[in-house]
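Trainee: Let me give you the structure first, and then I'll get to my questions.
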Amino acid sequence: MELFATVSISNKEARRLTVGSQLARHLEEAMAHLPYDDPITRSANWGPEPGETLDTFNDVDDFDGFDTEGTDGPIDALRLAIPELSQFSQVVEVTRVDDMTLSEPGTGALRIDVTVLWQAQPGSEQKEVARTSWYRMP
């Protein structure tokens, strides 16, 4: 019985990890086609421009600070909520890469970090289940 309980817990954790990894990839896919700079304001504004929502994000840095906690659920690659996975949330951080951290200074790269969190029930502690990062060049 102890072995069965241990295997059952391991299977649940493996499923969470798989779902978390897929949710992180969804955001990478959702951002893949977006331009580096805003098509209208160029680099004049960081983050979403006034009045922009998830549906109208039109460049990579619009996703900085994006968090699906407390919404209808995480989003897929088409930016549609997945309510049946509401125990998961996605958090995005977009940062400019410091020229000193790259071997080629002056690249202007952006680093996108996506963290996927899971919580057993609303109000309970969130646990990180997946994380991914990638760079976007101008």
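Letters for chains follow the order of the structure tokens (A, B, ...), residue numbers begin at 1 for each chain, and ligand numbers begin at 1 in the order shown.
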So that I can check the surroundings of Asp64 (chain A), please list as a list in words every protein, DNA and RNA residue that reaches within 10 Å of it, counting only C-alpha atoms and ignoring chain neighbours fewer than 4 positions away.
Mentor: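 Listed by chain and then number, they are Trp46, Gly47, Pro48, Val60, Val91, Val92, Glu93, Val94, Thr95, Ile112, Asp113 and Val114 of chain A.
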Trainee: Go through region 42-105 of chain A and collect every residue that DSSP, computed from the backbone, puts in helix (DSSP H, G or I); the answer should be as a list in words.
Mentor: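 Output for region 42-105 of chain A, helix (DSSP H, G or I) only: Leu54, Asp55, Thr56, Val60, Asp61, Asp62, Phe63, Pro83, Glu84, Leu85, Asp99, Met100 and Thr101 of chain A.
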Trainee: Using only C-alpha atoms, determine which residues lie at most 10 Å from region 18-25 of chain A, disregarding the query and same-chain residues fewer than 5 positions distant; provide the list as a tab-separated table (two decimals) with all heavy atoms, in the first residue's frame.
Mentor:
chain	number	residue	atom	x	y	z
A	12	LYS	N	1.05	12.08	-10.06
A	12	LYS	CA	0.40	13.39	-10.02
A	12	LYS	C	1.42	14.49	-10.25
A	12	LYS	O	1.18	15.44	-10.99
A	12	LYS	CB	-0.31	13.59	-8.68
A	12	LYS	CG	-1.58	12.80	-8.54
A	12	LYS	CD	-2.23	13.04	-7.20
A	12	LYS	CE	-3.45	12.16	-7.02
A	12	LYS	NZ	-4.10	12.37	-5.72
A	13	GLU	N	2.58	14.38	-9.62
A	13	GLU	CA	3.62	15.39	-9.79
A	13	GLU	C	4.14	15.40	-11.23
A	13	GLU	O	4.40	16.46	-11.79
A	13	GLU	CB	4.75	15.16	-8.79
A	13	GLU	CG	4.34	15.48	-7.37
A	13	GLU	CD	5.40	15.13	-6.33
A	13	GLU	OE1	6.49	14.62	-6.71
A	13	GLU	OE2	5.14	15.37	-5.14
A	30	ALA	N	2.86	31.90	-28.28
A	30	ALA	CA	2.01	33.09	-28.39
A	30	ALA	C	2.83	34.33	-28.69
A	30	ALA	O	2.36	35.26	-29.36
A	30	ALA	CB	1.21	33.29	-27.10
A	31	MET	N	4.08	34.35	-28.23
A	31	MET	CA	4.94	35.52	-28.42
A	31	MET	C	5.83	35.41	-29.65
A	31	MET	O	6.43	36.40	-30.07
A	31	MET	CB	5.79	35.72	-27.17
A	31	MET	CG	4.97	36.01	-25.93
A	31	MET	SD	5.95	36.00	-24.43
A	31	MET	CE	6.87	37.51	-24.62
A	74	PRO	N	-4.94	29.71	-17.14
A	74	PRO	CA	-3.80	30.02	-17.98
A	74	PRO	C	-4.24	30.12	-19.44
A	74	PRO	O	-5.37	29.77	-19.77
A	74	PRO	CB	-2.86	28.83	-17.76
A	74	PRO	CG	-3.77	27.72	-17.38
A	74	PRO	CD	-4.90	28.35	-16.61
A	75	ILE	N	-3.34	30.61	-20.30
A	75	ILE	CA	-3.71	30.77	-21.70
A	75	ILE	C	-2.94	29.79	-22.58
A	75	ILE	O	-1.87	29.31	-22.21
A	75	ILE	CB	-3.49	32.22	-22.19
A	75	ILE	CG1	-2.01	32.60	-22.11
A	75	ILE	CG2	-4.36	33.18	-21.41
A	75	ILE	CD1	-1.67	33.89	-22.85
A	76	ASP	N	-3.51	29.55	-23.74
A	76	ASP	CA	-2.85	28.69	-24.72
A	76	ASP	C	-2.10	29.57	-25.72
A	76	ASP	O	-2.04	30.80	-25.58
A	76	ASP	CB	-3.85	27.75	-25.39
A	76	ASP	CG	-4.91	28.47	-26.21
A	76	ASP	OD1	-4.76	29.68	-26.51
A	76	ASP	OD2	-5.92	27.83	-26.55
A	77	ALA	N	-1.56	28.97	-26.77
A	77	ALA	CA	-0.77	29.70	-27.75
A	77	ALA	C	-1.60	30.72	-28.54
A	77	ALA	O	-1.05	31.66	-29.11
A	77	ALA	CB	-0.11	28.72	-28.72
A	82	ILE	N	-7.75	28.69	-20.55
A	82	ILE	CA	-8.00	27.26	-20.39
A	82	ILE	C	-8.59	27.07	-18.99
A	82	ILE	O	-7.87	26.78	-18.04
A	82	ILE	CB	-6.71	26.43	-20.56
A	82	ILE	CG1	-5.96	26.83	-21.82
A	82	ILE	CG2	-7.03	24.94	-20.56
A	82	ILE	CD1	-4.57	26.24	-21.92
A	85	LEU	N	-7.85	24.26	-16.41
A	85	LEU	CA	-6.53	24.23	-15.77
A	85	LEU	C	-6.36	25.41	-14.82
A	85	LEU	O	-5.26	25.93	-14.62
A	85	LEU	CB	-5.42	24.23	-16.83
A	85	LEU	CG	-5.37	23.03	-17.76
A	85	LEU	CD1	-4.25	23.19	-18.79
A	85	LEU	CD2	-5.18	21.74	-16.98
A	88	PHE	N	-3.53	26.24	-12.36
A	88	PHE	CA	-2.22	26.68	-12.86
A	88	PHE	C	-2.27	28.17	-13.18
A	88	PHE	O	-3.31	28.69	-13.55
A	88	PHE	CB	-1.85	25.92	-14.14
A	88	PHE	CG	-1.56	24.47	-13.92
A	88	PHE	CD1	-2.58	23.54	-13.95
A	88	PHE	CD2	-0.27	24.02	-13.69
A	88	PHE	CE1	-2.33	22.19	-13.77
A	88	PHE	CE2	0.00	22.68	-13.51
A	88	PHE	CZ	-1.03	21.76	-13.53
A	89	SER	N	-1.14	28.83	-13.05
A	89	SER	CA	-1.03	30.22	-13.50
A	89	SER	C	0.32	30.41	-14.18
A	89	SER	O	1.28	29.69	-13.90
A	89	SER	CB	-1.22	31.20	-12.35
A	89	SER	OG	-0.22	31.02	-11.37
A	90	GLN	N	0.36	31.37	-15.08
A	90	GLN	CA	1.57	31.69	-15.83
A	90	GLN	C	2.00	33.11	-15.47
A	90	GLN	O	1.16	34.01	-15.40
A	90	GLN	CB	1.31	31.63	-17.34
A	90	GLN	CG	0.86	30.28	-17.84
A	90	GLN	CD	0.00	30.40	-19.09
A	90	GLN	OE1	-0.99	31.13	-19.08
A	90	GLN	NE2	0.34	29.68	-20.13
A	91	VAL	N	3.29	33.28	-15.25
A	91	VAL	CA	3.84	34.59	-14.92
A	91	VAL	C	4.98	34.86	-15.90
A	91	VAL	O	5.83	34.00	-16.12
A	91	VAL	CB	4.38	34.63	-13.48
A	91	VAL	CG1	4.96	35.99	-13.16
A	91	VAL	CG2	3.27	34.27	-12.49
A	92	VAL	N	4.97	36.06	-16.51
A	92	VAL	CA	5.98	36.41	-17.50
A	92	VAL	C	6.78	37.62	-17.03
A	92	VAL	O	6.21	38.59	-16.51
A	92	VAL	CB	5.33	36.75	-18.86
A	92	VAL	CG1	6.40	37.10	-19.90
A	92	VAL	CG2	4.46	35.61	-19.34
A	113	ASP	N	11.27	35.31	-19.39
A	113	ASP	CA	11.19	34.25	-18.39
A	113	ASP	C	9.72	33.94	-18.14
A	113	ASP	O	8.94	34.85	-17.84
A	113	ASP	CB	11.84	34.67	-17.07
A	113	ASP	CG	13.33	34.89	-17.20
A	113	ASP	OD1	14.03	33.93	-17.53
A	113	ASP	OD2	13.79	36.02	-16.97
A	114	VAL	N	9.37	32.68	-18.24
A	114	VAL	CA	8.00	32.24	-17.95
A	114	VAL	C	8.06	31.24	-16.80
A	114	VAL	O	8.82	30.28	-16.84
A	114	VAL	CB	7.34	31.58	-19.17
A	114	VAL	CG1	5.96	31.02	-18.80
A	114	VAL	CG2	7.22	32.56	-20.31
A	115	THR	N	7.28	31.51	-15.78
A	115	THR	CA	7.16	30.61	-14.64
A	115	THR	C	5.72	30.12	-14.58
A	115	THR	O	4.78	30.92	-14.70
A	115	THR	CB	7.51	31.33	-13.32
A	115	THR	OG1	8.80	31.91	-13.45
A	115	THR	CG2	7.48	30.38	-12.14
A	116	VAL	N	5.55	28.82	-14.41
A	116	VAL	CA	4.21	28.24	-14.27
A	116	VAL	C	4.07	27.74	-12.84
A	116	VAL	O	4.92	27.02	-12.33
A	116	VAL	CB	3.97	27.10	-15.28
A	116	VAL	CG1	2.58	26.51	-15.09
A	116	VAL	CG2	4.14	27.60	-16.70
A	117	LEU	N	3.01	28.18	-12.19
A	117	LEU	CA	2.73	27.83	-10.80
A	117	LEU	C	1.47	26.99	-10.71
A	117	LEU	O	0.59	27.07	-11.57
A	117	LEU	CB	2.56	29.11	-9.97
A	117	LEU	CG	3.72	30.12	-10.06
A	117	LEU	CD1	3.30	31.46	-9.52
A	117	LEU	CD2	4.93	29.59	-9.33
A	118	TRP	N	1.39	26.19	-9.65
A	118	TRP	CA	0.23	25.34	-9.41
A	118	TRP	C	-0.17	25.48	-7.95
A	118	TRP	O	0.68	25.63	-7.07
A	118	TRP	CB	0.58	23.88	-9.70
A	118	TRP	CG	-0.52	22.92	-9.36
A	118	TRP	CD1	-1.58	22.58	-10.15
A	118	TRP	CD2	-0.68	22.17	-8.16
A	118	TRP	NE1	-2.38	21.68	-9.51
A	118	TRP	CE2	-1.84	21.40	-8.27
A	118	TRP	CE3	0.06	22.08	-6.98
A	118	TRP	CZ2	-2.29	20.56	-7.26
A	118	TRP	CZ3	-0.38	21.25	-5.97
A	118	TRP	CH2	-1.55	20.49	-6.13
A	128	GLU	N	5.97	26.29	-7.77
A	128	GLU	CA	6.49	26.34	-9.12
A	128	GLU	C	6.58	24.93	-9.69
A	128	GLU	O	7.12	24.04	-9.05
A	128	GLU	CB	7.88	26.98	-9.13
A	128	GLU	CG	8.46	27.13	-10.51
A	128	GLU	CD	9.80	27.83	-10.50
A	128	GLU	OE1	9.98	28.83	-9.77
A	128	GLU	OE2	10.69	27.36	-11.25
A	129	VAL	N	6.03	24.74	-10.89
A	129	VAL	CA	6.09	23.43	-11.53
A	129	VAL	C	6.89	23.45	-12.83
A	129	VAL	O	7.31	22.39	-13.30
A	129	VAL	CB	4.69	22.83	-11.78
A	129	VAL	CG1	4.00	22.50	-10.48
A	129	VAL	CG2	3.84	23.74	-12.65
A	130	ALA	N	7.09	24.63	-13.40
A	130	ALA	CA	7.87	24.71	-14.64
A	130	ALA	C	8.41	26.13	-14.80
A	130	ALA	O	7.80	27.09	-14.32
A	130	ALA	CB	7.03	24.33	-15.84
A	131	ARG	N	9.52	26.21	-15.51
A	131	ARG	CA	10.13	27.50	-15.81
A	131	ARG	C	10.89	27.36	-17.12
A	131	ARG	O	11.54	26.35	-17.35
A	131	ARG	CB	11.08	27.91	-14.69
A	131	ARG	CG	11.82	29.21	-14.94
A	131	ARG	CD	12.82	29.49	-13.82
A	131	ARG	NE	12.13	29.74	-12.57
A	131	ARG	CZ	11.92	30.95	-12.07
A	131	ARG	NH1	12.33	32.01	-12.71
A	131	ARG	NH2	11.29	31.10	-10.92
A	132	THR	N	10.79	28.38	-17.94
A	132	THR	CA	11.57	28.39	-19.17
A	132	THR	C	11.98	29.82	-19.48
A	132	THR	O	11.35	30.76	-19.02
A	132	THR	CB	10.79	27.78	-20.36
A	132	THR	OG1	11.69	27.60	-21.46
A	132	THR	CG2	9.62	28.63	-20.78
A	133	SER	N	13.06	29.95	-20.23
A	133	SER	CA	13.56	31.27	-20.62
A	133	SER	C	14.07	31.18	-22.05
A	133	SER	O	14.52	30.13	-22.50
A	133	SER	CB	14.73	31.69	-19.73
A	133	SER	OG	14.35	31.78	-18.40
Trainee: Kindly indicate which residue among A:Leu78, A:Leu17, A:Val97, A:Ala120 lies nearest to His33 (chain A), using only C-alpha atoms for the distances.
Mentor: A:Leu78
Trainee: Ranking A:Glu28, A:Glu49, A:Glu125, A:Glu84 by minimum distance to Asp62 (chain A) and counting only C-alpha atoms, which one comes first?
Mentor: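 Counting only C-alpha atoms, the residue closest to Asp62 (chain A) is A:Glu49.
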Trainee: Just list the residues in region 23-112 of chain A DSSP gives strand (DSSP E or B) on the backbone, as number ranges by chain.
Mentor: A: 38, 42, 67, 75, 81, 88-96, 110-112
Trainee: Generate the output file for the selected residues, all heavy atoms, as a tab-separated table (two decimals), in the first residue's frame.
Mentor:
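Wrote it out as again.tsv, contents follow:
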chain	number	residue	atom	x	y	z
A	38	ASP	N	7.18	47.79	-30.45
A	38	ASP	CA	5.82	48.13	-30.80
A	38	ASP	C	5.79	48.71	-32.21
A	38	ASP	O	6.60	49.56	-32.55
A	38	ASP	CB	5.26	49.16	-29.81
A	38	ASP	CG	3.80	49.42	-30.02
A	38	ASP	OD1	3.46	50.20	-30.94
A	38	ASP	OD2	2.98	48.83	-29.30
A	42	ARG	N	7.34	52.21	-31.42
A	42	ARG	CA	8.70	51.65	-31.41
A	42	ARG	C	9.07	51.31	-29.98
A	42	ARG	O	8.34	50.67	-29.29
A	42	ARG	CB	9.70	52.59	-32.09
A	42	ARG	CG	9.46	52.68	-33.57
A	42	ARG	CD	9.87	51.35	-34.14
A	42	ARG	NE	9.69	51.19	-35.54
A	42	ARG	CZ	8.99	50.18	-36.03
A	42	ARG	NH1	8.38	49.34	-35.25
A	42	ARG	NH2	8.90	49.98	-37.31
A	67	ASP	N	0.37	37.98	-15.75
A	67	ASP	CA	0.13	36.96	-14.72
A	67	ASP	C	-1.32	36.50	-14.85
A	67	ASP	O	-2.23	37.33	-14.83
A	67	ASP	CB	0.39	37.57	-13.35
A	67	ASP	CG	0.34	36.56	-12.21
A	67	ASP	OD1	-0.20	35.45	-12.39
A	67	ASP	OD2	0.82	36.90	-11.12
A	75	ILE	N	-3.34	30.61	-20.30
A	75	ILE	CA	-3.71	30.77	-21.70
A	75	ILE	C	-2.94	29.79	-22.58
A	75	ILE	O	-1.87	29.31	-22.21
A	75	ILE	CB	-3.49	32.22	-22.19
A	75	ILE	CG1	-2.01	32.60	-22.11
A	75	ILE	CG2	-4.36	33.18	-21.41
A	75	ILE	CD1	-1.67	33.89	-22.85
A	81	ALA	N	-8.10	31.48	-22.78
A	81	ALA	CA	-8.05	30.91	-21.43
A	81	ALA	C	-8.38	29.42	-21.47
A	81	ALA	O	-9.17	28.96	-22.31
A	81	ALA	CB	-9.03	31.63	-20.51
A	88	PHE	N	-3.53	26.24	-12.36
A	88	PHE	CA	-2.22	26.68	-12.86
A	88	PHE	C	-2.27	28.17	-13.18
A	88	PHE	O	-3.31	28.69	-13.55
A	88	PHE	CB	-1.85	25.92	-14.14
A	88	PHE	CG	-1.56	24.47	-13.92
A	88	PHE	CD1	-2.58	23.54	-13.95
A	88	PHE	CD2	-0.27	24.02	-13.69
A	88	PHE	CE1	-2.33	22.19	-13.77
A	88	PHE	CE2	0.00	22.68	-13.51
A	88	PHE	CZ	-1.03	21.76	-13.53
A	89	SER	N	-1.14	28.83	-13.05
A	89	SER	CA	-1.03	30.22	-13.50
A	89	SER	C	0.32	30.41	-14.18
A	89	SER	O	1.28	29.69	-13.90
A	89	SER	CB	-1.22	31.20	-12.35
A	89	SER	OG	-0.22	31.02	-11.37
A	90	GLN	N	0.36	31.37	-15.08
A	90	GLN	CA	1.57	31.69	-15.83
A	90	GLN	C	2.00	33.11	-15.47
A	90	GLN	O	1.16	34.01	-15.40
A	90	GLN	CB	1.31	31.63	-17.34
A	90	GLN	CG	0.86	30.28	-17.84
A	90	GLN	CD	0.00	30.40	-19.09
A	90	GLN	OE1	-0.99	31.13	-19.08
A	90	GLN	NE2	0.34	29.68	-20.13
A	91	VAL	N	3.29	33.28	-15.25
A	91	VAL	CA	3.84	34.59	-14.92
A	91	VAL	C	4.98	34.86	-15.90
A	91	VAL	O	5.83	34.00	-16.12
A	91	VAL	CB	4.38	34.63	-13.48
A	91	VAL	CG1	4.96	35.99	-13.16
A	91	VAL	CG2	3.27	34.27	-12.49
A	92	VAL	N	4.97	36.06	-16.51
A	92	VAL	CA	5.98	36.41	-17.50
A	92	VAL	C	6.78	37.62	-17.03
A	92	VAL	O	6.21	38.59	-16.51
A	92	VAL	CB	5.33	36.75	-18.86
A	92	VAL	CG1	6.40	37.10	-19.90
A	92	VAL	CG2	4.46	35.61	-19.34
A	93	GLU	N	8.07	37.55	-17.24
A	93	GLU	CA	8.95	38.69	-16.99
A	93	GLU	C	9.81	38.89	-18.24
A	93	GLU	O	10.43	37.95	-18.73
A	93	GLU	CB	9.85	38.43	-15.78
A	93	GLU	CG	10.75	39.58	-15.44
A	93	GLU	CD	11.64	39.31	-14.24
A	93	GLU	OE1	11.55	38.22	-13.64
A	93	GLU	OE2	12.46	40.17	-13.93
A	94	VAL	N	9.79	40.11	-18.76
A	94	VAL	CA	10.61	40.46	-19.92
A	94	VAL	C	11.61	41.50	-19.46
A	94	VAL	O	11.23	42.52	-18.88
A	94	VAL	CB	9.75	41.03	-21.08
A	94	VAL	CG1	10.63	41.37	-22.28
A	94	VAL	CG2	8.65	40.05	-21.46
A	95	THR	N	12.89	41.25	-19.68
A	95	THR	CA	13.93	42.19	-19.25
A	95	THR	C	14.91	42.42	-20.39
A	95	THR	O	15.16	41.53	-21.21
A	95	THR	CB	14.70	41.66	-18.03
A	95	THR	OG1	15.20	40.37	-18.31
A	95	THR	CG2	13.83	41.61	-16.80
A	96	ARG	N	15.44	43.62	-20.40
A	96	ARG	CA	16.52	43.92	-21.35
A	96	ARG	C	17.78	43.25	-20.81
A	96	ARG	O	18.05	43.29	-19.62
A	96	ARG	CB	16.75	45.41	-21.46
A	96	ARG	CG	15.59	46.13	-22.10
A	96	ARG	CD	15.95	47.61	-22.33
A	96	ARG	NE	14.78	48.40	-22.58
A	96	ARG	CZ	14.15	48.49	-23.74
A	96	ARG	NH1	14.61	47.82	-24.76
A	96	ARG	NH2	13.08	49.23	-23.88
A	110	LEU	N	16.38	40.84	-25.55
A	110	LEU	CA	15.42	40.74	-24.46
A	110	LEU	C	15.45	39.31	-23.94
A	110	LEU	O	15.58	38.37	-24.71
A	110	LEU	CB	14.00	41.05	-24.95
A	110	LEU	CG	13.75	42.44	-25.50
A	110	LEU	CD1	12.31	42.54	-26.01
A	110	LEU	CD2	14.01	43.50	-24.45
A	111	ARG	N	15.30	39.17	-22.63
A	111	ARG	CA	15.17	37.85	-22.04
A	111	ARG	C	13.74	37.70	-21.57
A	111	ARG	O	13.22	38.57	-20.86
A	111	ARG	CB	16.13	37.68	-20.87
A	111	ARG	CG	15.98	36.32	-20.21
A	111	ARG	CD	16.90	36.19	-19.01
A	111	ARG	NE	16.49	35.05	-18.21
A	111	ARG	CZ	17.30	34.08	-17.84
A	111	ARG	NH1	18.57	34.12	-18.16
A	111	ARG	NH2	16.85	33.08	-17.12
A	112	ILE	N	13.11	36.61	-21.95
A	112	ILE	CA	11.74	36.33	-21.53
A	112	ILE	C	11.79	35.13	-20.60
A	112	ILE	O	12.31	34.08	-20.95
A	112	ILE	CB	10.83	36.04	-22.74
A	112	ILE	CG1	10.76	37.25	-23.68
A	112	ILE	CG2	9.42	35.71	-22.26
A	112	ILE	CD1	11.64	37.16	-24.85
